[in-house]
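**Student:** I have a structure I would like to understand better, so I am pasting it below and will then ask my questions one at a time.
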Amino acid sequence: MAKTIIHISSYIGISFGAKHYYGKLITMDGEMYELSRPITQKELNDKPDRFMWFKVGESTKCFESYKDVILAGGEKAKELGIDLKDVIVDGIPNIKAIPYFEALKPLDTRLKCKSCGKVFGMNEGLYNTPNGVFCVNCYEKRK
């Protein structure tokens, strides 16, 4: 049984095309740790508008990818003495909760129909329901 969950959330902005990932490490005894990382000089150089108020080494809760969140969560778990075999990762886009080491492998995170597995293209119709995302054909068959 997992002792710890790395929970990933994301934010996608429209104005500047921002895409951010955030993470929390949640232990089964109820402790919660917000994950963070230091700002790099490369980020300050490459994205000066985004990081204009930061200095190299300052902490941010914003990550560039879900894998960066997983790695930071793994480091925090190790720091707390938690075996990574006891860690579950939840919140990877279009993937159910999976064990830590599985989450580090290449994953297909494309949006797919829950019923038939069809991968959705840009501007393609779909039904986003509380039970999952369905293509038009599968949704119509459910009626």
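Labels used: A, B, ... for chains in the order of the structure tokens, numbers from 1 for residues in each chain, and numbers from 1 for ligands as shown.
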Running DSSP on the backbone, which parts of chain A land in strand (DSSP E or B), as a short mmCIF file (atom, residue, chain, number, x, y, z; two decimals) with N, CA and C atoms, in the first residue's frame?
**Tutor:**
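Output (out.cif):
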data_model
loop_
_atom_site.label_atom_id
_atom_site.label_comp_id
_atom_site.auth_asym_id
_atom_site.auth_seq_id
_atom_site.Cartn_x
_atom_site.Cartn_y
_atom_site.Cartn_z
N THR A 4 2.59 7.36 0.34
CA THR A 4 2.69 8.74 -0.11
C THR A 4 2.13 8.90 -1.52
N ILE A 5 1.54 10.07 -1.77
CA ILE A 5 1.02 10.40 -3.10
C ILE A 5 1.70 11.68 -3.56
N ILE A 6 2.20 11.66 -4.79
CA ILE A 6 2.63 12.90 -5.43
C ILE A 6 1.44 13.32 -6.27
N HIS A 7 0.83 14.44 -5.89
CA HIS A 7 -0.34 14.94 -6.63
C HIS A 7 0.10 16.10 -7.52
N ILE A 8 -0.18 15.97 -8.81
CA ILE A 8 0.20 16.99 -9.80
C ILE A 8 -1.03 17.75 -10.23
N SER A 9 -0.94 19.06 -10.28
CA SER A 9 -1.98 19.89 -10.86
C SER A 9 -1.33 20.76 -11.92
N SER A 10 -2.14 21.29 -12.82
CA SER A 10 -1.56 22.11 -13.88
C SER A 10 -2.42 23.34 -14.12
N TYR A 11 -1.81 24.30 -14.77
CA TYR A 11 -2.48 25.53 -15.15
C TYR A 11 -2.04 25.85 -16.57
N ILE A 12 -3.00 26.11 -17.43
CA ILE A 12 -2.67 26.53 -18.79
C ILE A 12 -3.34 27.88 -19.01
N LYS A 19 2.08 27.45 -19.43
CA LYS A 19 1.73 26.11 -19.01
C LYS A 19 2.60 25.80 -17.79
N HIS A 20 1.95 25.62 -16.66
CA HIS A 20 2.66 25.39 -15.41
C HIS A 20 2.17 24.11 -14.76
N TYR A 21 3.06 23.44 -14.07
CA TYR A 21 2.70 22.26 -13.29
C TYR A 21 3.08 22.53 -11.84
N TYR A 22 2.25 22.06 -10.93
CA TYR A 22 2.47 22.23 -9.51
C TYR A 22 2.35 20.86 -8.85
N GLY A 23 2.93 20.72 -7.67
CA GLY A 23 2.85 19.42 -7.02
C GLY A 23 2.83 19.50 -5.51
N LYS A 24 2.21 18.47 -4.94
CA LYS A 24 2.18 18.30 -3.50
C LYS A 24 2.56 16.86 -3.20
N LEU A 25 3.26 16.68 -2.12
CA LEU A 25 3.57 15.36 -1.61
C LEU A 25 2.67 15.17 -0.40
N ILE A 26 1.82 14.15 -0.44
CA ILE A 26 0.85 13.92 0.63
C ILE A 26 1.12 12.55 1.23
N THR A 27 1.43 12.54 2.52
CA THR A 27 1.70 11.27 3.20
C THR A 27 0.39 10.72 3.76
N MET A 32 1.26 17.27 4.36
CA MET A 32 1.29 17.72 2.98
C MET A 32 2.45 18.69 2.80
N TYR A 33 3.21 18.47 1.73
CA TYR A 33 4.35 19.31 1.42
C TYR A 33 4.20 19.85 0.01
N GLU A 34 4.19 21.19 -0.12
CA GLU A 34 4.16 21.79 -1.45
C GLU A 34 5.55 21.66 -2.04
N ARG A 37 11.13 24.37 -6.43
CA ARG A 37 12.45 24.20 -7.05
C ARG A 37 13.10 25.57 -7.20
N PRO A 38 14.42 25.62 -7.38
CA PRO A 38 15.09 26.91 -7.56
C PRO A 38 15.02 27.39 -9.01
N SER A 59 13.12 30.29 -4.87
CA SER A 59 12.21 29.16 -4.97
C SER A 59 10.92 29.52 -5.71
N THR A 60 10.47 28.59 -6.54
CA THR A 60 9.16 28.71 -7.19
C THR A 60 8.44 27.38 -7.07
N PHE A 63 6.58 24.31 -12.06
CA PHE A 63 7.50 23.42 -12.77
C PHE A 63 7.20 23.47 -14.26
N VAL A 87 5.38 5.05 -3.26
CA VAL A 87 4.85 6.33 -3.74
C VAL A 87 4.00 6.11 -4.98
N ILE A 88 2.84 6.77 -5.00
CA ILE A 88 1.92 6.76 -6.15
C ILE A 88 1.89 8.17 -6.72
N VAL A 89 1.81 8.27 -8.04
CA VAL A 89 1.74 9.57 -8.71
C VAL A 89 0.34 9.73 -9.30
N ASP A 90 -0.31 10.84 -8.97
CA ASP A 90 -1.66 11.13 -9.45
C ASP A 90 -1.67 12.50 -10.10
N ILE A 98 -0.56 6.05 -10.88
CA ILE A 98 0.36 4.93 -11.14
C ILE A 98 1.54 5.01 -10.17
N PRO A 99 2.25 3.88 -9.98
CA PRO A 99 3.42 3.88 -9.10
C PRO A 99 4.52 4.82 -9.60
N LYS A 112 -7.68 10.65 -24.85
CA LYS A 112 -8.26 9.51 -25.57
C LYS A 112 -9.67 9.23 -25.08
N VAL A 119 -7.65 8.51 -30.08
CA VAL A 119 -6.93 9.73 -29.71
C VAL A 119 -7.62 10.90 -30.40
N LEU A 126 -15.98 15.97 -28.85
CA LEU A 126 -15.90 14.95 -27.80
C LEU A 126 -16.91 15.30 -26.73
N TYR A 127 -17.20 14.35 -25.88
CA TYR A 127 -18.07 14.56 -24.73
C TYR A 127 -17.25 14.37 -23.47
N ASN A 128 -17.15 15.42 -22.68
CA ASN A 128 -16.42 15.38 -21.42
C ASN A 128 -17.45 15.20 -20.31
N THR A 129 -17.56 13.99 -19.78
CA THR A 129 -18.57 13.66 -18.79
C THR A 129 -17.92 13.37 -17.44
N GLY A 132 -15.78 10.33 -17.63
CA GLY A 132 -14.64 10.32 -18.54
C GLY A 132 -14.96 11.02 -19.84
N VAL A 133 -13.96 11.05 -20.73
CA VAL A 133 -14.09 11.69 -22.04
C VAL A 133 -14.41 10.61 -23.07
N PHE A 134 -15.41 10.89 -23.92
CA PHE A 134 -15.86 9.92 -24.93
C PHE A 134 -15.90 10.57 -26.30
N CYS A 135 -15.56 9.78 -27.33
CA CYS A 135 -15.73 10.26 -28.71
C CYS A 135 -17.24 10.30 -29.00
#
**Student:** So that I can see what lies close to Leu44 in chain A, please list as a PyMOL selection string the residues with an atom at most 12 Å from it, counting only C-alpha atoms and leaving out residues fewer than 5 positions away in the same chain.
**Tutor:** chain A and resi 38-39+49-58
**Student:** I'd like the contact shell of Arg110 in chain A - 12 Å cut-off, only C-alpha atoms, skipping same-chain residues fewer than 3 positions apart - returned as a list of chain:residue names.
**Tutor:**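 Non-adjacent residues within range: A:Ile92, A:Pro93, A:Asn94, A:Ile95, A:Leu107, A:Cys113, A:Lys114, A:Gly117, A:Lys118, A:Val119, A:Phe120, A:Gly121, A:Met122, A:Val133.
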**Student:** Using backbone DSSP assignments, extract all helix (DSSP H, G or I) residues from chain A; output them as a PyMOL selection string.
**Tutor:** chain A and resi 41-46+66-79+84-86+100-103+136-142
**Student:** List the spatial neighbours of Leu71 in chain A as a list in words - criterion: any atom at most 10 Å away, only C-alpha atoms, same-chain residues fewer than 4 positions off excluded.
**Tutor:** Ile6, Tyr66, Lys67, Glu75, Lys76, Ala77, Tyr100, Ala103 and Leu104 of chain A
**Student:** Suppose we keep all heavy atoms; can you now write the selection as a PDB file, in the first residue's frame?
**Tutor:**
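Contents of again.pdb, freshly written:
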ATOM      1  N   ILE A   6       2.199  11.659  -4.785  1.00  0.00           N
ATOM      2  CA  ILE A   6       2.630  12.896  -5.431  1.00  0.00           C
ATOM      3  C   ILE A   6       1.436  13.323  -6.269  1.00  0.00           C
ATOM      4  O   ILE A   6       1.038  12.629  -7.197  1.00  0.00           O
ATOM      5  CB  ILE A   6       3.860  12.690  -6.328  1.00  0.00           C
ATOM      6  CG1 ILE A   6       5.062  12.252  -5.500  1.00  0.00           C
ATOM      7  CG2 ILE A   6       4.174  13.979  -7.099  1.00  0.00           C
ATOM      8  CD1 ILE A   6       6.274  11.852  -6.329  1.00  0.00           C
ATOM      9  N   TYR A  66       5.319  17.810 -15.964  1.00  0.00           N
ATOM     10  CA  TYR A  66       4.851  16.924 -14.898  1.00  0.00           C
ATOM     11  C   TYR A  66       5.989  16.018 -14.425  1.00  0.00           C
ATOM     12  O   TYR A  66       6.046  15.657 -13.256  1.00  0.00           O
ATOM     13  CB  TYR A  66       3.618  16.125 -15.325  1.00  0.00           C
ATOM     14  CG  TYR A  66       3.867  15.041 -16.351  1.00  0.00           C
ATOM     15  CD1 TYR A  66       4.304  13.779 -15.952  1.00  0.00           C
ATOM     16  CD2 TYR A  66       3.658  15.263 -17.709  1.00  0.00           C
ATOM     17  CE1 TYR A  66       4.534  12.780 -16.876  1.00  0.00           C
ATOM     18  CE2 TYR A  66       3.887  14.263 -18.633  1.00  0.00           C
ATOM     19  CZ  TYR A  66       4.316  13.027 -18.215  1.00  0.00           C
ATOM     20  OH  TYR A  66       4.548  12.037 -19.128  1.00  0.00           O
ATOM     21  N   LYS A  67       6.929  15.680 -15.318  1.00  0.00           N
ATOM     22  CA  LYS A  67       8.059  14.837 -14.902  1.00  0.00           C
ATOM     23  C   LYS A  67       8.951  15.564 -13.900  1.00  0.00           C
ATOM     24  O   LYS A  67       9.490  14.945 -12.975  1.00  0.00           O
ATOM     25  CB  LYS A  67       8.871  14.379 -16.102  1.00  0.00           C
ATOM     26  CG  LYS A  67       8.177  13.265 -16.842  1.00  0.00           C
ATOM     27  CD  LYS A  67       9.117  12.421 -17.616  1.00  0.00           C
ATOM     28  CE  LYS A  67       8.302  11.303 -18.235  1.00  0.00           C
ATOM     29  NZ  LYS A  67       9.031  10.260 -18.794  1.00  0.00           N
ATOM     30  N   GLU A  75      12.434  13.296  -4.662  1.00  0.00           N
ATOM     31  CA  GLU A  75      13.508  13.808  -3.813  1.00  0.00           C
ATOM     32  C   GLU A  75      12.989  14.139  -2.413  1.00  0.00           C
ATOM     33  O   GLU A  75      13.630  13.831  -1.412  1.00  0.00           O
ATOM     34  CB  GLU A  75      14.162  15.044  -4.444  1.00  0.00           C
ATOM     35  CG  GLU A  75      15.001  14.732  -5.662  1.00  0.00           C
ATOM     36  CD  GLU A  75      16.134  13.761  -5.369  1.00  0.00           C
ATOM     37  OE1 GLU A  75      16.840  13.940  -4.351  1.00  0.00           O
ATOM     38  OE2 GLU A  75      16.300  12.800  -6.146  1.00  0.00           O
ATOM     39  N   LYS A  76      11.810  14.757  -2.354  1.00  0.00           N
ATOM     40  CA  LYS A  76      11.225  15.096  -1.055  1.00  0.00           C
ATOM     41  C   LYS A  76      10.882  13.828  -0.286  1.00  0.00           C
ATOM     42  O   LYS A  76      11.113  13.749   0.934  1.00  0.00           O
ATOM     43  CB  LYS A  76       9.977  15.966  -1.246  1.00  0.00           C
ATOM     44  CG  LYS A  76       9.389  16.473   0.049  1.00  0.00           C
ATOM     45  CD  LYS A  76      10.348  17.411   0.741  1.00  0.00           C
ATOM     46  CE  LYS A  76       9.740  18.002   2.000  1.00  0.00           C
ATOM     47  NZ  LYS A  76      10.673  18.870   2.700  1.00  0.00           N
ATOM     48  N   ALA A  77      10.344  12.816  -0.968  1.00  0.00           N
ATOM     49  CA  ALA A  77      10.013  11.548  -0.317  1.00  0.00           C
ATOM     50  C   ALA A  77      11.273  10.911   0.269  1.00  0.00           C
ATOM     51  O   ALA A  77      11.269  10.461   1.423  1.00  0.00           O
ATOM     52  CB  ALA A  77       9.328  10.605  -1.303  1.00  0.00           C
ATOM     53  N   TYR A 100       5.327   5.311  -8.666  1.00  0.00           N
ATOM     54  CA  TYR A 100       6.384   6.279  -8.952  1.00  0.00           C
ATOM     55  C   TYR A 100       7.269   5.855 -10.123  1.00  0.00           C
ATOM     56  O   TYR A 100       7.471   6.621 -11.067  1.00  0.00           O
ATOM     57  CB  TYR A 100       7.232   6.490  -7.688  1.00  0.00           C
ATOM     58  CG  TYR A 100       8.389   7.436  -7.896  1.00  0.00           C
ATOM     59  CD1 TYR A 100       8.204   8.808  -7.836  1.00  0.00           C
ATOM     60  CD2 TYR A 100       9.671   6.965  -8.168  1.00  0.00           C
ATOM     61  CE1 TYR A 100       9.257   9.692  -8.027  1.00  0.00           C
ATOM     62  CE2 TYR A 100      10.731   7.838  -8.355  1.00  0.00           C
ATOM     63  CZ  TYR A 100      10.520   9.188  -8.291  1.00  0.00           C
ATOM     64  OH  TYR A 100      11.562  10.061  -8.500  1.00  0.00           O
ATOM     65  N   ALA A 103       5.675   6.050 -13.473  1.00  0.00           N
ATOM     66  CA  ALA A 103       5.454   7.435 -13.901  1.00  0.00           C
ATOM     67  C   ALA A 103       6.684   8.043 -14.555  1.00  0.00           C
ATOM     68  O   ALA A 103       6.576   9.020 -15.307  1.00  0.00           O
ATOM     69  CB  ALA A 103       5.022   8.286 -12.708  1.00  0.00           C
ATOM     70  N   LEU A 104       7.856   7.481 -14.309  1.00  0.00           N
ATOM     71  CA  LEU A 104       9.084   8.003 -14.907  1.00  0.00           C
ATOM     72  C   LEU A 104       9.333   7.453 -16.311  1.00  0.00           C
ATOM     73  O   LEU A 104      10.177   7.967 -17.042  1.00  0.00           O
ATOM     74  CB  LEU A 104      10.280   7.684 -14.016  1.00  0.00           C
ATOM     75  CG  LEU A 104      10.284   8.387 -12.663  1.00  0.00           C
ATOM     76  CD1 LEU A 104      11.457   7.915 -11.831  1.00  0.00           C
ATOM     77  CD2 LEU A 104      10.305   9.895 -12.827  1.00  0.00           C
TER      78      LEU A 104
END
**Student:** For a test of reading the model, state the distance in Å between CA of Asp83 in chain A and CA of Lys3 in chain A, rounded to one decimal.
**Tutor:**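 Separation of CA of Asp83 in chain A and CA of Lys3 in chain A: 8.7 Å.
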**Student:** So how far away is CA of Ser36 in chain A from CA of Ala72 in chain A, in Å?
**Tutor:**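 We find that CA of Ala72 in chain A and CA of Ser36 in chain A lie 7.4 Å from each other.
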